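To keep things clear, I will list the structure first and then write my remarks on it.
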Amino acid sequence: FQKGSETISKVTGRNKVVQKSAAIVVGEDHVFQLDTPADWILDTESGIEHGLVALFYAKGETWESAKAFAYSGTVTRDAQIKTVEDAVASLVADYRENGHEAYGATKQEPLQLHSGGVAQLYQFGGDAFGNHESIAFIPEKKTINFIVLTSSSKKAFEKAQPTFRELAGSYKYISDDPNNVEEHIAAMKGANWREEMPTEVKTPLRQKKKVRRHK
């Protein structure tokens with residue numbers, strides 16, 4: 001549905017997005033908000049088959065044509081992954097076990113969030129496809145939420161960094177209980193709703209390699 005220049009949608013499933021000028025990502029144990037940068041668009045459809053309910057890339061492009069794009073996700077904190085460091089180590093180990101021996105991570109300076117607090121920022125590289133990635137991790141009580149920038153072009157990757165940092169910096173924690181999110185959604189006045197995606201969509205960190213387009 002269209003209301004002025006704003007598109008507002010509701011997505012059902014383990015993860016869903018309510019879209020206005022921002023994306024509210026809702027899952028079984030997480031609810032958080034990301035503001036769409038002025039020069040990028042929010043795409044809630046193209047990544048569904050890969051479990052990606054919130055894709056961001058430059059205006060005038062598609063997910064298939066974008067030289068760089070970003071997406072959000074979560075990993076549930078458990079006995080194996082308790083911290084951001086655990087998540088990073090698990091991701092690197094997973095890639096190396098799957099033939100990407102040179103894959104590694106470099107910790108960057110923390111990213112200040114507009115709502116207060118910081119995101120832990122890492123750069124990843126060394127896979128067999130030449131991908132470059134930045135991941136901003138934000139640990140919450142039940143999950144580690146994250147925003148990823150990925151590109152196979154070093155030039156496009158570097159060019160997208162300021163916008164990615166703007167996107168990640170806009171992260172706002174809402175709740176770890178999706179049953180309490182309706183009041184926040186209701187504040188988005190005049191929302192009209194439409195179904196957008198299958199019932200079950202999962203976006204665990206360890207599935208990240210399955211969404212890579214770039215080769």
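A note on labels: chains of the structure tokens are A, B, ... as shown, every chain counts residues from 1, and ligands are counted from 1 in their shown order.
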Tell me which protein, DNA and RNA residues are within 12 Å of segment 55-63 of chain A, counting only C-alpha atoms, leaving out same-chain ones fewer than 3 positions away, and put them as a PyMOL selection string.
chain A and resi 17+19+22-23+25+34-48+50-52+66-73+147-151+156-157+159-161+163-164+166-168+211-214
Contact check, segment 11-90 of chain A to segment 171-174 of chain A, at most 7 Å, counting only C-alpha atoms, closest pairs as CSV:
```
residue,atom,partner,partner_atom,distance
A:Val31,CA,A:Ile174,CA,5.4
A:Phe32,CA,A:Tyr173,CA,4.6
A:Gln33,CA,A:Lys172,CA,5.0
A:Leu34,CA,A:Tyr171,CA,4.9
```
Find, counting only C-alpha atoms, the residue in A:Ser175, A:Phe146, A:Glu97, A:Gly169 that gets nearest to Gly116 of chain A.
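Once distances to Gly116 of chain A are computed over only C-alpha atoms, the minimum belongs to A:Gly169.
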Of the listed residues A:Asp127, A:Glu158, A:Asp177, A:Glu28, that which approaches Leu91 of chain A most closely, counting only C-alpha atoms
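Among the listed residues, A:Asp127 lies closest to Leu91 of chain A.
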From a backbone DSSP assignment, name each residue in segment 5-199 of chain A labelled strand (DSSP E or B), as a PyMOL selection string.
chain A and resi 6-7+9+16-19+22-27+30-35+40-43+55-58+69-76+104-107+111-112+118-125+132-139+143-151+172-175
Could you please take those selected residues and save C-alpha atoms as a PDB file, in the first residue's frame?
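The resulting result-v1.pdb:
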```pdb
ATOM      1  CA  GLU A   6       5.930   6.111   2.226  1.00  0.00           C
ATOM      2  CA  THR A   7       5.488   2.364   1.785  1.00  0.00           C
ATOM      3  CA  SER A   9       4.090  -3.251   4.992  1.00  0.00           C
ATOM      4  CA  LYS A  16       9.190  -9.798   9.611  1.00  0.00           C
ATOM      5  CA  VAL A  17       9.672  -6.186   8.635  1.00  0.00           C
ATOM      6  CA  VAL A  18       7.373  -3.250   9.135  1.00  0.00           C
ATOM      7  CA  GLN A  19       8.469  -0.650   6.629  1.00  0.00           C
ATOM      8  CA  ALA A  22      12.469   2.649   8.873  1.00  0.00           C
ATOM      9  CA  ALA A  23      12.511  -1.128   9.047  1.00  0.00           C
ATOM     10  CA  ILE A  24      11.321  -2.810  12.234  1.00  0.00           C
ATOM     11  CA  VAL A  25      12.725  -6.335  12.187  1.00  0.00           C
ATOM     12  CA  VAL A  26      10.707  -8.738  14.322  1.00  0.00           C
ATOM     13  CA  GLY A  27      11.661 -12.301  15.267  1.00  0.00           C
ATOM     14  CA  HIS A  30      14.281  -9.856  18.872  1.00  0.00           C
ATOM     15  CA  VAL A  31      12.732  -6.597  17.733  1.00  0.00           C
ATOM     16  CA  PHE A  32      14.908  -3.778  16.437  1.00  0.00           C
ATOM     17  CA  GLN A  33      14.712  -0.813  14.108  1.00  0.00           C
ATOM     18  CA  LEU A  34      16.947   0.405  11.291  1.00  0.00           C
ATOM     19  CA  ASP A  35      16.474   3.696   9.456  1.00  0.00           C
ATOM     20  CA  TRP A  40      19.497   3.733  -0.304  1.00  0.00           C
ATOM     21  CA  ILE A  41      16.249   1.804  -0.516  1.00  0.00           C
ATOM     22  CA  LEU A  42      14.785  -0.904   1.719  1.00  0.00           C
ATOM     23  CA  ASP A  43      13.894  -4.107  -0.158  1.00  0.00           C
ATOM     24  CA  LEU A  55      18.003  -5.629   2.229  1.00  0.00           C
ATOM     25  CA  PHE A  56      19.468  -2.177   1.647  1.00  0.00           C
ATOM     26  CA  TYR A  57      21.216  -0.897  -1.480  1.00  0.00           C
ATOM     27  CA  ALA A  58      21.605   2.235  -3.592  1.00  0.00           C
ATOM     28  CA  PHE A  69      24.389  -4.161  -0.417  1.00  0.00           C
ATOM     29  CA  ALA A  70      23.571  -4.512   3.260  1.00  0.00           C
ATOM     30  CA  TYR A  71      21.267  -6.744   5.246  1.00  0.00           C
ATOM     31  CA  SER A  72      20.349  -7.424   8.853  1.00  0.00           C
ATOM     32  CA  GLY A  73      20.206 -10.613  10.863  1.00  0.00           C
ATOM     33  CA  THR A  74      20.433 -12.157  14.297  1.00  0.00           C
ATOM     34  CA  VAL A  75      22.042 -15.079  16.073  1.00  0.00           C
ATOM     35  CA  THR A  76      20.564 -16.396  19.316  1.00  0.00           C
ATOM     36  CA  GLY A 104      39.713 -13.972   8.542  1.00  0.00           C
ATOM     37  CA  ALA A 105      38.388 -11.064  10.569  1.00  0.00           C
ATOM     38  CA  THR A 106      39.885  -7.753  11.659  1.00  0.00           C
ATOM     39  CA  LYS A 107      38.397  -5.805  14.539  1.00  0.00           C
ATOM     40  CA  LEU A 111      30.673   2.313  15.906  1.00  0.00           C
ATOM     41  CA  GLN A 112      28.670   4.800  17.954  1.00  0.00           C
ATOM     42  CA  VAL A 118      28.162   1.065  20.456  1.00  0.00           C
ATOM     43  CA  ALA A 119      28.245  -1.648  17.813  1.00  0.00           C
ATOM     44  CA  GLN A 120      31.306  -3.869  17.599  1.00  0.00           C
ATOM     45  CA  LEU A 121      32.616  -3.572  14.049  1.00  0.00           C
ATOM     46  CA  TYR A 122      34.638  -6.182  12.142  1.00  0.00           C
ATOM     47  CA  GLN A 123      35.879  -6.513   8.572  1.00  0.00           C
ATOM     48  CA  PHE A 124      35.991  -9.938   6.952  1.00  0.00           C
ATOM     49  CA  GLY A 125      37.785 -11.156   3.852  1.00  0.00           C
ATOM     50  CA  HIS A 132      34.677  -7.868   1.279  1.00  0.00           C
ATOM     51  CA  GLU A 133      32.435  -7.520   4.303  1.00  0.00           C
ATOM     52  CA  SER A 134      31.864  -5.238   7.254  1.00  0.00           C
ATOM     53  CA  ILE A 135      29.659  -6.496  10.060  1.00  0.00           C
ATOM     54  CA  ALA A 136      28.348  -4.378  12.928  1.00  0.00           C
ATOM     55  CA  PHE A 137      27.402  -6.583  15.900  1.00  0.00           C
ATOM     56  CA  ILE A 138      25.121  -5.404  18.707  1.00  0.00           C
ATOM     57  CA  PRO A 139      24.777  -7.831  21.639  1.00  0.00           C
ATOM     58  CA  THR A 143      20.529 -12.311  20.725  1.00  0.00           C
ATOM     59  CA  ILE A 144      23.450 -10.783  18.917  1.00  0.00           C
ATOM     60  CA  ASN A 145      21.918  -8.630  16.210  1.00  0.00           C
ATOM     61  CA  PHE A 146      24.021  -7.607  13.237  1.00  0.00           C
ATOM     62  CA  ILE A 147      24.119  -5.539  10.062  1.00  0.00           C
ATOM     63  CA  VAL A 148      26.286  -6.681   7.140  1.00  0.00           C
ATOM     64  CA  LEU A 149      27.763  -4.779   4.202  1.00  0.00           C
ATOM     65  CA  THR A 150      29.051  -7.037   1.417  1.00  0.00           C
ATOM     66  CA  SER A 151      30.641  -6.510  -2.000  1.00  0.00           C
ATOM     67  CA  LYS A 172      17.588   0.959  17.840  1.00  0.00           C
ATOM     68  CA  TYR A 173      16.756  -1.891  20.208  1.00  0.00           C
ATOM     69  CA  ILE A 174      13.034  -2.240  20.893  1.00  0.00           C
ATOM     70  CA  SER A 175      12.402  -5.543  22.681  1.00  0.00           C
TER      71      SER A 175
END
```
Pick from A:His100, A:Pro110, A:Phe129, A:Ser170: nearest to Ser153 of chain A, with only C-alpha atoms counted?
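Under the stated criterion, the closest residue is A:Phe129.
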Residues of segment 19-201 of chain A classed as alpha helix (DSSP H) by DSSP on the backbone are to be reported as JSON, numbers by chain.
{"A": [84, 85, 86, 87, 88, 89, 90, 91, 92, 93, 94, 95, 96, 97, 154, 155, 156, 157, 158, 159, 160, 161, 162, 163, 164, 165, 166, 167, 168, 169, 182, 183, 184, 185, 186]}
Pairwise distance for atom CA of Lys154 of chain A and atom CA of Gly117 of chain A, rounded to one decimal in Å:
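Computing the Euclidean distance for atom CA of Lys154 of chain A and atom CA of Gly117 of chain A yields 29.0 Å.
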